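Chemist: Provided herewith: final_2.csv, CSV, C-alpha atoms.
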chain,number,residue,atom,x,y,z
A,1,MET,CA,-2.8,-8.7,-23.1
A,2,ASP,CA,-2.6,-12.5,-23.3
A,3,GLU,CA,-6.4,-13.1,-23.7
A,4,PRO,CA,-6.9,-10.4,-26.4
A,5,ARG,CA,-3.9,-11.8,-28.3
A,6,ARG,CA,-5.4,-15.3,-28.3
A,7,ILE,CA,-8.7,-13.9,-29.6
A,8,LEU,CA,-7.1,-11.8,-32.3
A,9,THR,CA,-4.9,-14.8,-33.4
A,10,ARG,CA,-8.0,-17.0,-33.7
A,11,LEU,CA,-9.6,-14.4,-36.0
A,12,PHE,CA,-6.4,-14.2,-38.1
A,13,GLU,CA,-6.4,-18.0,-38.4
A,14,ALA,CA,-10.1,-18.1,-39.4
A,15,ALA,CA,-9.3,-15.5,-42.1
A,16,VAL,CA,-6.5,-17.7,-43.5
A,17,ARG,CA,-8.5,-20.9,-43.3
A,18,ALA,CA,-11.2,-19.2,-45.5
A,19,ALA,CA,-8.6,-19.0,-48.2
A,20,ASP,CA,-7.4,-22.6,-47.8
A,21,PRO,CA,-6.1,-23.8,-51.2
A,22,VAL,CA,-8.0,-27.1,-51.5
A,23,GLU,CA,-11.3,-25.7,-50.4
A,24,ALA,CA,-10.9,-22.6,-52.6
A,25,LEU,CA,-10.0,-24.6,-55.7
A,26,ARG,CA,-12.5,-27.5,-55.3
A,27,PRO,CA,-15.6,-25.7,-56.7
A,28,HIS,CA,-13.6,-24.1,-59.6
A,29,LEU,CA,-11.9,-26.9,-61.3
A,30,PRO,CA,-12.3,-26.6,-65.1
A,31,GLU,CA,-13.5,-29.3,-67.4
A,32,LYS,CA,-10.7,-31.8,-68.4
A,33,PRO,CA,-9.3,-31.3,-71.8
A,34,LYS,CA,-8.8,-33.8,-74.7
A,35,GLY,CA,-5.1,-32.8,-74.7
A,36,ARG,CA,-2.5,-31.9,-72.1
A,37,THR,CA,-3.1,-30.0,-68.8
A,38,ILE,CA,-0.4,-27.5,-68.2
A,39,VAL,CA,-0.3,-25.7,-64.8
A,40,ILE,CA,1.5,-22.4,-64.4
A,41,GLY,CA,1.6,-20.3,-61.3
A,42,ALA,CA,3.1,-17.3,-59.7
A,43,GLY,CA,2.8,-15.7,-56.3
A,44,LYS,CA,3.5,-16.1,-52.6
A,45,GLY,CA,0.7,-18.7,-52.3
A,46,ALA,CA,1.0,-20.3,-55.7
A,47,ALA,CA,3.0,-23.4,-54.7
A,48,GLN,CA,0.3,-24.4,-52.1
A,49,LEU,CA,-2.3,-23.9,-54.8
A,50,GLY,CA,-0.3,-26.2,-57.1
A,51,ARG,CA,-0.1,-28.9,-54.5
A,52,ALA,CA,-3.9,-28.6,-53.9
A,53,PHE,CA,-4.6,-28.8,-57.6
A,54,GLU,CA,-2.6,-32.0,-57.9
A,55,THR,CA,-4.6,-33.4,-55.0
A,56,LEU,CA,-7.9,-32.6,-56.7
A,57,TRP,CA,-7.0,-33.3,-60.3
A,58,ASP,CA,-7.3,-37.0,-61.2
A,59,ALA,CA,-5.4,-36.8,-64.5
A,60,PRO,CA,-1.9,-36.2,-65.7
A,61,VAL,CA,-0.6,-32.6,-65.1
A,62,GLU,CA,2.7,-30.8,-65.9
A,63,GLY,CA,4.0,-27.3,-65.6
A,64,ALA,CA,5.8,-25.0,-63.2
A,65,ILE,CA,5.2,-22.5,-60.4
A,66,VAL,CA,7.3,-19.5,-59.2
A,67,THR,CA,7.1,-18.5,-55.6
A,68,ARG,CA,9.0,-16.5,-53.0
A,69,TYR,CA,12.1,-18.0,-51.3
A,70,GLY,CA,10.9,-20.1,-48.4
A,71,TYR,CA,7.3,-20.3,-49.7
A,72,GLY,CA,7.6,-23.5,-51.7
A,73,ALA,CA,5.6,-26.7,-51.3
A,74,ASP,CA,6.2,-30.3,-52.3
A,75,CYS,CA,4.4,-31.1,-55.6
A,76,ARG,CA,4.4,-34.4,-57.4
A,77,SER,CA,4.6,-33.3,-61.0
A,78,LEU,CA,4.8,-29.5,-61.0
A,79,ARG,CA,8.2,-27.8,-60.7
A,80,VAL,CA,8.4,-25.3,-57.9
A,81,LEU,CA,10.9,-22.5,-58.4
A,82,GLU,CA,11.7,-20.0,-55.7
A,83,ALA,CA,12.8,-16.4,-56.5
A,84,GLY,CA,13.3,-12.9,-55.0
A,85,HIS,CA,10.5,-10.7,-53.6
A,86,PRO,CA,9.9,-7.8,-53.3
A,87,VAL,CA,13.0,-7.0,-55.4
A,88,PRO,CA,13.2,-9.3,-58.5
A,89,ASP,CA,16.3,-11.4,-59.1
A,90,SER,CA,17.9,-13.7,-61.6
A,91,ALA,CA,16.0,-16.7,-60.3
A,92,GLY,CA,12.7,-14.9,-61.1
A,93,LEU,CA,14.0,-14.1,-64.5
A,94,ALA,CA,14.7,-17.9,-65.1
A,95,GLY,CA,11.3,-18.7,-63.6
A,96,ALA,CA,9.5,-16.3,-66.0
A,97,ARG,CA,11.4,-18.0,-68.9
A,98,THR,CA,10.3,-21.4,-67.6
A,99,LEU,CA,6.6,-20.3,-67.6
A,100,ILE,CA,7.0,-18.9,-71.1
A,101,ASP,CA,8.4,-22.2,-72.4
A,102,ALA,CA,5.6,-24.2,-70.7
A,103,VAL,CA,2.9,-22.4,-72.6
A,104,THR,CA,4.6,-22.1,-76.0
A,105,GLY,CA,3.6,-24.4,-78.8
A,106,LEU,CA,0.3,-25.6,-77.4
A,107,ASP,CA,-2.7,-27.0,-79.4
A,108,PRO,CA,-6.4,-26.1,-79.2
A,109,ASP,CA,-7.1,-29.3,-77.3
A,110,ASP,CA,-4.7,-28.3,-74.5
A,111,LEU,CA,-5.6,-26.6,-71.2
A,112,VAL,CA,-3.5,-24.1,-69.3
A,113,VAL,CA,-4.5,-23.6,-65.7
A,114,ALA,CA,-2.9,-20.4,-64.2
A,115,LEU,CA,-2.8,-20.3,-60.4
A,116,VAL,CA,-2.2,-16.6,-59.5
A,117,THR,CA,-1.7,-15.0,-56.1
A,118,GLY,CA,-0.2,-11.8,-54.9
A,119,GLY,CA,3.5,-11.3,-55.2
A,120,GLY,CA,3.7,-12.5,-58.8
A,121,SER,CA,4.6,-9.0,-60.1
A,122,ALA,CA,8.1,-9.1,-58.5
A,123,LEU,CA,8.5,-12.9,-58.9
A,124,LEU,CA,8.2,-12.8,-62.7
A,125,PRO,CA,10.6,-10.2,-64.0
A,126,ALA,CA,10.7,-10.3,-67.8
A,127,PRO,CA,12.1,-7.0,-69.1
A,128,PRO,CA,11.4,-6.3,-72.8
A,129,GLY,CA,13.7,-5.1,-75.6
A,130,PRO,CA,17.0,-3.5,-74.3
A,131,LEU,CA,15.9,-3.4,-70.7
A,132,THR,CA,17.7,-5.5,-68.1
A,133,LEU,CA,16.9,-7.2,-64.8
A,134,ALA,CA,18.6,-4.3,-63.0
A,135,ASP,CA,16.2,-1.9,-64.8
A,136,GLU,CA,13.2,-3.9,-63.6
A,137,ALA,CA,14.5,-4.1,-60.1
A,138,ALA,CA,15.1,-0.4,-60.0
A,139,LEU,CA,11.6,0.2,-61.2
A,140,ASN,CA,10.2,-2.0,-58.5
A,141,ARG,CA,12.1,-0.1,-55.8
A,142,ALA,CA,10.9,3.2,-57.2
A,143,LEU,CA,7.3,2.0,-57.3
A,144,TRP,CA,7.3,0.7,-53.7
A,145,ALA,CA,8.9,3.9,-52.4
A,146,SER,CA,6.3,6.1,-54.1
A,147,GLY,CA,3.3,5.2,-52.0
A,148,ALA,CA,1.2,4.8,-55.1
A,149,PRO,CA,-1.7,2.3,-55.0
A,150,ILE,CA,-1.3,-1.1,-56.6
A,151,SER,CA,-3.5,-0.2,-59.6
A,152,VAL,CA,-1.1,2.7,-60.5
A,153,MET,CA,2.0,0.5,-60.1
A,154,ASN,CA,0.5,-2.2,-62.4
A,155,ARG,CA,-0.4,0.3,-65.1
A,156,ILE,CA,3.3,1.1,-65.2
A,157,ARG,CA,4.6,-2.4,-64.9
A,158,ALA,CA,2.4,-3.5,-67.8
A,159,GLN,CA,4.5,-1.4,-70.1
A,160,VAL,CA,7.7,-3.0,-69.0
A,161,SER,CA,7.3,-6.8,-69.4
A,162,VAL,CA,6.9,-9.7,-71.8
A,163,VAL,CA,4.6,-11.6,-69.5
A,164,LYS,CA,2.4,-9.2,-67.5
A,165,SER,CA,-1.0,-7.9,-68.5
A,166,GLY,CA,-2.2,-10.9,-70.4
A,167,ARG,CA,0.9,-11.6,-72.4
A,168,LEU,CA,1.5,-15.0,-70.9
A,169,ALA,CA,-2.0,-16.1,-71.9
A,170,ALA,CA,-1.5,-14.7,-75.4
A,171,LEU,CA,1.6,-16.9,-75.7
A,172,ALA,CA,-0.6,-20.0,-74.8
A,173,ALA,CA,-3.1,-19.5,-77.7
A,174,PRO,CA,-4.8,-21.4,-79.2
A,175,ALA,CA,-5.0,-23.5,-76.0
A,176,ARG,CA,-7.8,-22.7,-73.5
A,177,VAL,CA,-6.6,-20.8,-70.5
A,178,VAL,CA,-8.4,-20.9,-67.1
A,179,THR,CA,-7.0,-18.4,-64.5
A,180,LEU,CA,-7.8,-19.1,-60.9
A,181,VAL,CA,-7.0,-16.1,-58.7
A,182,VAL,CA,-6.5,-15.6,-55.0
A,183,SER,CA,-7.0,-11.8,-54.8
A,184,ASP,CA,-4.9,-9.6,-52.6
A,185,VAL,CA,-6.0,-6.3,-54.1
A,186,PRO,CA,-8.7,-3.9,-53.2
A,187,GLY,CA,-11.8,-4.5,-55.3
A,188,ASP,CA,-10.6,-8.0,-56.4
A,189,ASP,CA,-9.9,-7.0,-60.0
A,190,PRO,CA,-8.0,-10.1,-61.3
A,191,ALA,CA,-6.1,-8.0,-63.8
A,192,GLU,CA,-4.4,-6.4,-60.8
A,193,VAL,CA,-3.3,-9.5,-59.0
A,194,ALA,CA,0.4,-10.2,-59.8
A,195,SER,CA,0.0,-7.7,-62.7
A,196,GLY,CA,-2.3,-10.1,-64.5
A,197,PRO,CA,0.1,-12.4,-66.4
A,198,THR,CA,-2.9,-14.2,-68.0
A,199,VAL,CA,-5.5,-11.4,-67.6
A,200,PRO,CA,-5.2,-8.6,-70.2
A,201,ARG,CA,-5.9,-5.0,-69.5
A,202,ALA,CA,-5.7,-2.1,-71.9
A,203,GLY,CA,-3.3,0.7,-71.2
A,204,THR,CA,-1.2,3.2,-73.1
A,205,PRO,CA,2.4,4.5,-72.6
A,206,ALA,CA,1.0,8.0,-72.2
A,207,GLU,CA,-1.3,6.8,-69.4
A,208,ALA,CA,1.7,5.1,-67.6
A,209,LEU,CA,3.8,8.3,-67.9
A,210,ARG,CA,0.9,10.4,-66.6
A,211,PHE,CA,0.6,8.1,-63.5
A,212,ALA,CA,4.3,8.3,-62.9
A,213,ALA,CA,4.2,12.1,-63.0
A,214,THR,CA,1.1,12.3,-60.8
A,215,TRP,CA,2.6,10.1,-58.1
A,216,ASN,CA,6.1,11.6,-58.4
A,217,ILE,CA,7.5,8.2,-59.3
A,218,ASP,CA,11.2,8.5,-60.2
A,219,LEU,CA,11.3,6.1,-63.2
A,220,PRO,CA,14.8,4.7,-64.0
A,221,GLY,CA,16.1,6.4,-67.1
A,222,PRO,CA,16.0,3.3,-69.4
A,223,VAL,CA,12.5,2.5,-68.2
A,224,ALA,CA,11.2,6.0,-68.9
A,225,GLY,CA,12.8,5.9,-72.3
A,226,TRP,CA,11.3,2.6,-73.2
A,227,ILE,CA,7.8,3.7,-72.2
A,228,ALA,CA,8.1,7.0,-74.0
A,229,GLY,CA,9.1,5.1,-77.1
A,230,GLY,CA,5.6,3.6,-77.2
A,231,LYS,CA,6.7,0.0,-77.6
A,232,GLY,CA,5.4,-1.4,-74.3
A,233,ALA,CA,1.6,-1.2,-74.7
A,234,PRO,CA,-0.1,-4.4,-73.5
A,235,PRO,CA,-2.3,-6.5,-75.8
A,236,ASP,CA,-5.9,-5.5,-76.3
A,237,PRO,CA,-8.4,-7.5,-74.2
A,238,ASP,CA,-10.5,-8.0,-77.3
A,239,ASP,CA,-7.6,-9.7,-79.1
A,240,PRO,CA,-8.8,-13.1,-80.5
A,241,ALA,CA,-6.0,-14.8,-78.6
A,242,PHE,CA,-8.1,-14.3,-75.4
A,243,ALA,CA,-11.4,-15.6,-76.8
A,244,ARG,CA,-11.2,-19.0,-75.0
A,245,ASN,CA,-9.9,-17.6,-71.7
A,246,GLU,CA,-11.8,-17.8,-68.3
A,247,VAL,CA,-11.0,-16.0,-65.1
A,248,ARG,CA,-12.3,-16.8,-61.6
A,249,VAL,CA,-11.5,-15.2,-58.3
A,250,ILE,CA,-11.5,-18.2,-55.9
A,251,ALA,CA,-10.5,-16.4,-52.6
A,252,SER,CA,-10.4,-12.8,-51.5
A,253,ALA,CA,-10.0,-10.5,-48.5
A,254,GLY,CA,-13.8,-10.0,-48.3
A,255,ARG,CA,-14.5,-13.7,-47.9
A,256,SER,CA,-11.7,-14.0,-45.3
A,257,LEU,CA,-12.9,-11.0,-43.3
A,258,GLU,CA,-16.5,-12.5,-43.2
A,259,ALA,CA,-15.0,-15.8,-41.9
A,260,ALA,CA,-13.2,-13.8,-39.2
A,261,ALA,CA,-16.4,-12.1,-38.3
A,262,ARG,CA,-18.2,-15.4,-37.9
A,263,ALA,CA,-15.3,-16.6,-35.7
A,264,ALA,CA,-15.7,-13.6,-33.5
A,265,ARG,CA,-19.4,-14.1,-33.2
A,266,SER,CA,-18.9,-17.7,-32.2
A,267,MET,CA,-16.9,-16.4,-29.2
A,268,GLY,CA,-19.8,-14.1,-28.3
A,269,LEU,CA,-18.2,-11.0,-29.8
A,270,PRO,CA,-20.1,-8.8,-32.2
A,271,ALA,CA,-18.1,-8.0,-35.3
A,272,ALA,CA,-18.2,-5.3,-38.0
A,273,VAL,CA,-16.4,-5.4,-41.3
A,274,LEU,CA,-15.4,-1.8,-42.0
A,275,SER,CA,-14.1,-2.5,-45.5
A,276,ASP,CA,-12.2,-5.1,-47.5
A,277,ALA,CA,-10.7,-2.5,-49.8
A,278,VAL,CA,-8.9,0.1,-47.6
A,279,GLU,CA,-6.1,1.9,-49.4
A,280,GLY,CA,-4.0,4.9,-48.4
A,281,GLU,CA,-0.9,5.8,-46.4
A,282,ALA,CA,-0.5,3.2,-43.7
A,283,ARG,CA,0.1,5.6,-40.8
A,284,GLU,CA,-3.0,7.7,-41.8
A,285,VAL,CA,-5.2,4.6,-42.0
A,286,GLY,CA,-3.9,3.7,-38.6
A,287,ARG,CA,-4.9,7.1,-37.2
A,288,VAL,CA,-8.4,6.7,-38.6
A,289,HIS,CA,-8.9,3.2,-37.2
A,290,ALA,CA,-7.6,4.5,-33.8
A,291,ALA,CA,-10.1,7.4,-33.8
A,292,ILE,CA,-13.0,5.0,-34.4
A,293,ALA,CA,-11.8,2.6,-31.7
A,294,ARG,CA,-11.4,5.5,-29.2
A,295,GLN,CA,-14.9,6.8,-30.0
A,296,ILE,CA,-16.4,3.4,-29.3
A,297,ALA,CA,-14.4,3.0,-26.1
A,298,LYS,CA,-15.7,6.4,-24.9
A,299,THR,CA,-19.3,6.6,-26.2
A,300,ASP,CA,-20.3,3.1,-27.5
A,301,ARG,CA,-20.7,4.8,-30.9
A,302,PRO,CA,-20.9,3.9,-33.8
A,303,PHE,CA,-20.9,0.4,-32.3
A,304,ALA,CA,-21.6,-0.8,-28.7
A,305,ARG,CA,-18.9,-2.6,-26.7
A,306,PRO,CA,-17.7,-5.3,-26.9
A,307,VAL,CA,-17.0,-5.3,-30.6
A,308,VAL,CA,-14.4,-6.4,-33.1
A,309,LEU,CA,-13.6,-4.1,-36.0
A,310,LEU,CA,-12.3,-5.8,-39.1
A,311,SER,CA,-10.7,-4.4,-42.3
A,312,GLY,CA,-8.6,-5.4,-45.2
A,313,GLY,CA,-7.1,-4.1,-48.4
A,314,GLU,CA,-3.6,-2.8,-49.1
A,315,THR,CA,-2.2,0.3,-47.6
A,316,THR,CA,1.1,1.9,-48.7
A,317,VAL,CA,4.2,3.4,-47.2
A,318,THR,CA,5.9,6.3,-48.9
A,319,LEU,CA,9.6,6.3,-48.2
A,320,ALA,CA,11.8,9.4,-48.4
A,321,GLY,CA,15.3,8.0,-48.6
A,322,GLU,CA,16.1,4.7,-46.9
A,323,GLY,CA,13.5,3.1,-44.7
A,324,GLY,CA,13.8,1.1,-41.6
A,325,ARG,CA,12.6,-2.5,-40.9
A,326,GLY,CA,9.0,-3.4,-41.1
A,327,GLY,CA,6.1,-3.3,-43.5
A,328,ARG,CA,2.8,-1.5,-44.0
A,329,ASN,CA,1.0,-3.5,-41.4
A,330,THR,CA,3.4,-2.8,-38.6
A,331,GLU,CA,3.6,0.9,-39.7
A,332,PHE,CA,-0.3,1.0,-39.5
A,333,LEU,CA,-0.2,-0.5,-36.1
A,334,LEU,CA,2.5,1.7,-34.7
A,335,SER,CA,0.5,4.8,-35.8
A,336,LEU,CA,-2.6,3.3,-34.1
A,337,ALA,CA,-0.6,2.5,-31.0
A,338,LEU,CA,0.6,6.1,-30.6
A,339,ASP,CA,-3.0,7.3,-30.9
A,340,ILE,CA,-4.5,4.8,-28.4
A,341,ALA,CA,-1.7,5.2,-25.9
A,342,GLY,CA,-3.1,5.1,-22.4
A,343,THR,CA,-6.6,4.1,-23.5
A,344,ASP,CA,-7.9,1.0,-21.7
A,345,GLY,CA,-9.9,-1.8,-23.4
A,346,ILE,CA,-8.5,-1.6,-27.0
A,347,ALA,CA,-6.3,-4.3,-28.5
A,348,ALA,CA,-5.3,-4.8,-32.1
A,349,LEU,CA,-3.6,-7.1,-34.6
A,350,ALA,CA,-2.5,-6.0,-38.0
A,351,ALA,CA,-0.8,-8.6,-40.2
A,352,ASP,CA,-0.3,-9.7,-43.8
A,353,THR,CA,-2.2,-12.9,-44.5
A,354,ASP,CA,0.8,-14.5,-46.3
A,355,GLY,CA,2.8,-14.5,-43.1
A,356,ILE,CA,5.4,-11.9,-44.0
A,357,ASP,CA,5.1,-8.1,-43.6
A,358,GLY,CA,7.8,-6.3,-45.4
A,359,SER,CA,11.4,-7.5,-45.1
A,360,GLU,CA,11.5,-9.3,-41.8
A,361,ASP,CA,10.0,-12.6,-40.6
A,362,ASN,CA,6.9,-11.3,-38.9
A,363,ALA,CA,3.4,-11.1,-40.4
A,364,GLY,CA,2.6,-8.0,-38.3
A,365,ALA,CA,2.3,-7.2,-34.6
A,366,PHE,CA,-0.1,-6.7,-31.6
A,367,ALA,CA,-0.8,-3.4,-29.9
A,368,ASP,CA,-2.9,-2.0,-27.0
A,369,GLY,CA,-3.0,1.1,-24.9
A,370,ALA,CA,0.1,0.0,-23.0
A,371,SER,CA,2.3,-0.7,-26.1
A,372,VAL,CA,3.9,2.8,-26.4
A,373,ALA,CA,4.9,2.7,-22.7
A,374,ALA,CA,6.4,-0.7,-23.2
A,375,MET,CA,8.4,0.6,-26.2
A,376,ARG,CA,9.7,3.6,-24.2
A,377,ALA,CA,10.6,1.3,-21.3
A,378,ALA,CA,12.7,-0.8,-23.7
A,379,GLY,CA,14.6,2.3,-24.8
A,380,ARG,CA,12.7,3.1,-28.0
A,381,ASP,CA,11.1,6.3,-29.2
A,382,PRO,CA,8.0,5.1,-31.0
A,383,ALA,CA,7.3,8.5,-32.6
A,384,ALA,CA,10.8,8.6,-34.0
A,385,ASP,CA,10.5,4.9,-35.1
A,386,LEU,CA,7.3,5.8,-37.0
A,387,ALA,CA,9.1,8.7,-38.7
A,388,ALA,CA,12.0,6.4,-39.7
A,389,HIS,CA,9.6,3.6,-40.9
A,390,ASP,CA,11.1,1.3,-38.3
A,391,ALA,CA,8.0,-0.1,-36.7
A,392,TRP,CA,9.6,-3.6,-36.5
A,393,GLY,CA,12.2,-2.2,-34.1
A,394,ALA,CA,9.5,-0.7,-31.9
A,395,PHE,CA,7.4,-3.8,-31.7
A,396,ASP,CA,10.3,-6.1,-31.4
A,397,ALA,CA,11.5,-4.2,-28.3
A,398,ALA,CA,8.0,-4.5,-26.8
A,399,GLY,CA,7.9,-8.2,-27.5
A,400,ALA,CA,4.8,-7.8,-29.6
A,401,LEU,CA,5.7,-9.1,-33.0
A,402,PHE,CA,3.3,-11.6,-34.6
A,403,GLU,CA,5.2,-14.5,-36.3
A,404,PRO,CA,3.0,-17.3,-37.7
A,405,GLY,CA,5.3,-18.1,-40.6
A,406,PRO,CA,4.3,-18.5,-44.2
A,407,THR,CA,0.6,-19.3,-44.4
A,408,GLY,CA,0.3,-20.7,-47.9
A,409,THR,CA,-2.1,-18.1,-49.1
A,410,ASN,CA,-2.3,-14.3,-49.6
A,411,VAL,CA,-5.4,-12.2,-49.4
A,412,ASN,CA,-3.5,-9.1,-48.3
A,413,ASP,CA,-3.8,-7.1,-45.1
A,414,PHE,CA,-5.8,-8.3,-42.1
A,415,ARG,CA,-6.6,-5.8,-39.3
A,416,ALA,CA,-8.7,-6.7,-36.2
A,417,ILE,CA,-9.4,-4.3,-33.3
A,418,LEU,CA,-11.0,-5.6,-30.2
A,419,VAL,CA,-12.8,-2.9,-28.1
A,420,ARG,CA,-13.8,-4.5,-24.8
Using structure tokens, write down the structure from this file.
Modeler:
Amino acid sequence: MDEPRRILTRLFEAAVRAADPVEALRPHLPEKPKGRTIVIGAGKGAAQLGRAFETLWDAPVEGAIVTRYGYGADCRSLRVLEAGHPVPDSAGLAGARTLIDAVTGLDPDDLVVALVTGGGSALLPAPPGPLTLADEAALNRALWASGAPISVMNRIRAQVSVVKSGRLAALAAPARVVTLVVSDVPGDDPAEVASGPTVPRAGTPAEALRFAATWNIDLPGPVAGWIAGGKGAPPDPDDPAFARNEVRVIASAGRSLEAAARAARSMGLPAAVLSDAVEGEAREVGRVHAAIARQIAKTDRPFARPVVLLSGGETTVTLAGEGGRGGRNTEFLLSLALDIAGTDGIAALAADTDGIDGSEDNAGAFADGASVAAMRAAGRDPAADLAAHDAWGAFDAAGALFEPGPTGTNVNDFRAILVR
């Protein structure tokens, strides 16, 4: 397994390099303003973007960035604040307040540069009206347990915030706002990344409640009452406050997957990008990928061996009660491992490009046809682990966790399957 792991790791590294903050920012720097330049940022890769912006911007800059604990970076002028993710905490509440203060009271000659990456939804809790931080934390837990796609989650979050869905940009008016986005969402809609703090999206309370009902999301009582009261609708994208706003996606899963494909071809391995926008239940997506890999191993269809299959996007895990350790990438991979058990010539890596999958310190894991046997030899029952959402425990026992550490970027899930 050592050689396949080296190959798969090189492909992951190529995908991450394609979203390098300096190279991603360089062609998208806005025109310098007559007034001040204020940088605000949120997300698991936002601090590295802030440091890169300072490197490239040869003029005074001020502002603040909120990122996950352990994901900070040394910046000269920008304040870097760390907060809780995936469950928001009081540090995130203070961080949101800091960003609000940074964009309040600006002039038409001022420029706000918003550096936005995935993870900002949880990192910027800002409950409206009578709602509390505990209410927003309970909402986040309910959303993640539901298995709903990110677009559905964000339609609901937009009703329960004073910063999400363009509200932070509205506060910056009449200053010009340029939003630079590293996309971690299927389809690369910038309004979905970090719930779009500077990118407005229309939505109604009725729509949010309908989504909650459709996906059986158990909204906390105070949140449901607030939404039903009709006070949480986000601003209209046609509001004059957004007339001077610009939004640019500077890095995405699609670009990173193409970089990984080029890296595979440079090693003499044909590569196929299946999709950069895969959604659905992680274990079911794992079974589909396993079926394709088995078909290739058996019949050389739909691709001839050797080949690397690449995909990205954002799968989900629906929890019924308490879940185990791990995240959506390790759950995907455990499902795949069960379905390729005993099959020679297949090796896979699934990992989150930000370096952390779920609640533990691994980005994901490696698997091949011998993984399930190794788990059983170590005293694990991989099928039971999958049922209990404890993929981390299974791969840890097999010595197959992938732990690159925080990468400084976030273009969501990365999956590579090598069929030799």
Chemist: For the atom pair atom CA of A:Thr132 and atom CA of A:Val193, what is the interatomic distance in Å to one decimal place?
Modeler: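 Atom CA of A:Val193 lies at a distance of 23.2 Å from atom CA of A:Thr132.
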Chemist: Restrict the calculation to only C-alpha atoms, then for each residue of stretch 119-210 of chain A with any atom at most 7 Å from an atom of stretch 88-102 of chain A give the closest atom pair and their distance in Å to one decimal, rows by chain and rising residue number, as CSV.
Modeler:
residue,atom,partner,partner_atom,distance
A:Ala122,CA,A:Pro88,CA,5.1
A:Leu123,CA,A:Gly92,CA,5.1
A:Leu124,CA,A:Ala96,CA,5.0
A:Pro125,CA,A:Leu93,CA,5.2
A:Ala126,CA,A:Leu93,CA,6.0
A:Ala137,CA,A:Pro88,CA,5.6
A:Leu168,CA,A:Ile100,CA,6.7
Chemist: Hey, which of A:Asp300, A:Asp413, A:Asp276, A:Glu82 ends up closest to A:Val16? Count all atoms listed in the file.
Modeler: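 Among the listed residues, A:Asp413 lies closest to A:Val16.
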Chemist: Please provide the set of residues having any atom within 7 Å of A:Leu274, restricted to all atoms listed in the file, with same-chain residues fewer than 6 positions apart removed, written as a ChimeraX atom specification.
Modeler: /A:309-311
Chemist: Could you please determine the separation between atom CA of A:Asp381 and atom CA of A:Glu360 in Å, to one decimal place?
Modeler: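 Between atom CA of A:Asp381 and atom CA of A:Glu360 the gap is 20.1 Å.
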Chemist: Quick check, in Å to one decimal: how far apart do atom CA of A:Ala173 and atom CA of A:Val113 lie?
Modeler: 12.8 Å
Chemist: Taking (-14.3, -14.7, -27.8) in the file's coordinates, which residues come within 10 Å, counting all atoms listed in the file, written as JSON, numbers by chain?
Modeler: {"A": [3, 4, 6, 7, 8, 10, 11, 263, 264, 265, 266, 267, 268, 269, 270, 308, 418]}
Chemist: Just checking: using only C-alpha atoms, which residue out of A:Ala228, A:Val273, A:Arg176, A:Ala261 ends up closest to A:Ala243?
Modeler: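 So, comparing all the options, the nearest one is A:Arg176.
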Chemist: So which one's closest to A:Gly105, A:Asn362, A:Ala206, A:Ala377, A:Ala170? Using only C-alpha atoms, please.
Modeler: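 Going through A:Asn362, A:Ala206, A:Ala377, A:Ala170 one by one, the smallest distance to A:Gly105 is for A:Ala170.
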Chemist: Please identify all polymer residues within 7 Å of A:Phe414, counting all atoms listed in the file, omitting same-chain residues fewer than 2 positions from it, and present them as a PyMOL selection string.
Modeler: chain A and resi 311-312+350-353+412+416
Chemist: Since we have the selection now, will you write its residues out, keeping C-alpha atoms, as a CSV table (one decimal), in the frame of the given file?
Modeler:
chain,number,residue,atom,x,y,z
A,311,SER,CA,-10.7,-4.4,-42.3
A,312,GLY,CA,-8.6,-5.4,-45.2
A,350,ALA,CA,-2.5,-6.0,-38.0
A,351,ALA,CA,-0.8,-8.6,-40.2
A,352,ASP,CA,-0.3,-9.7,-43.8
A,353,THR,CA,-2.2,-12.9,-44.5
A,412,ASN,CA,-3.5,-9.1,-48.3
A,416,ALA,CA,-8.7,-6.7,-36.2
Chemist: With all atoms listed in the file as the counted atoms, please give the residues lying no more than 12 Å from A:Ala388, apart from itself and same-chain residues fewer than 4 positions off, as number ranges by chain.
Modeler: A: 283, 317-327, 331, 334, 381-384, 392-394
Chemist: Determine, counting only C-alpha atoms, which protein, DNA and RNA residues have an atom within 7 Å of an atom of stretch 232-239 of chain A; residues of the same chain fewer than 4 positions away are not included. Present the result as a list in words.
Modeler: Ala158, Gln159, Val160, Ser165, Gly166, Arg167, Pro200, Arg201, Ala202, Gly203, Thr204, Pro205 and Ile227 of chain A
Chemist: Set the distance at 9 Å and use only C-alpha atoms: which residues neighbour stretch 116-120 of chain A once local chain neighbours fewer than 4 positions away are removed? I'd like the list as a PyMOL selection string.
Modeler: chain A and resi 40-46+49+66-68+85-86+124-125+179-185+190+193-198+409-412
Chemist: Nearest to A:Leu349: which of A:Gly405, A:Pro33, A:Gly379, A:Gly286 is it, counting only C-alpha atoms?
Modeler: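 Going through A:Gly405, A:Pro33, A:Gly379, A:Gly286 one by one, the smallest distance to A:Leu349 is for A:Gly286.
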Chemist: Just checking: using all atoms listed in the file, which residue out of A:Lys32, A:Arg380, A:Arg26, A:Arg415 ends up closest to A:Ala398?
Modeler: A:Arg380
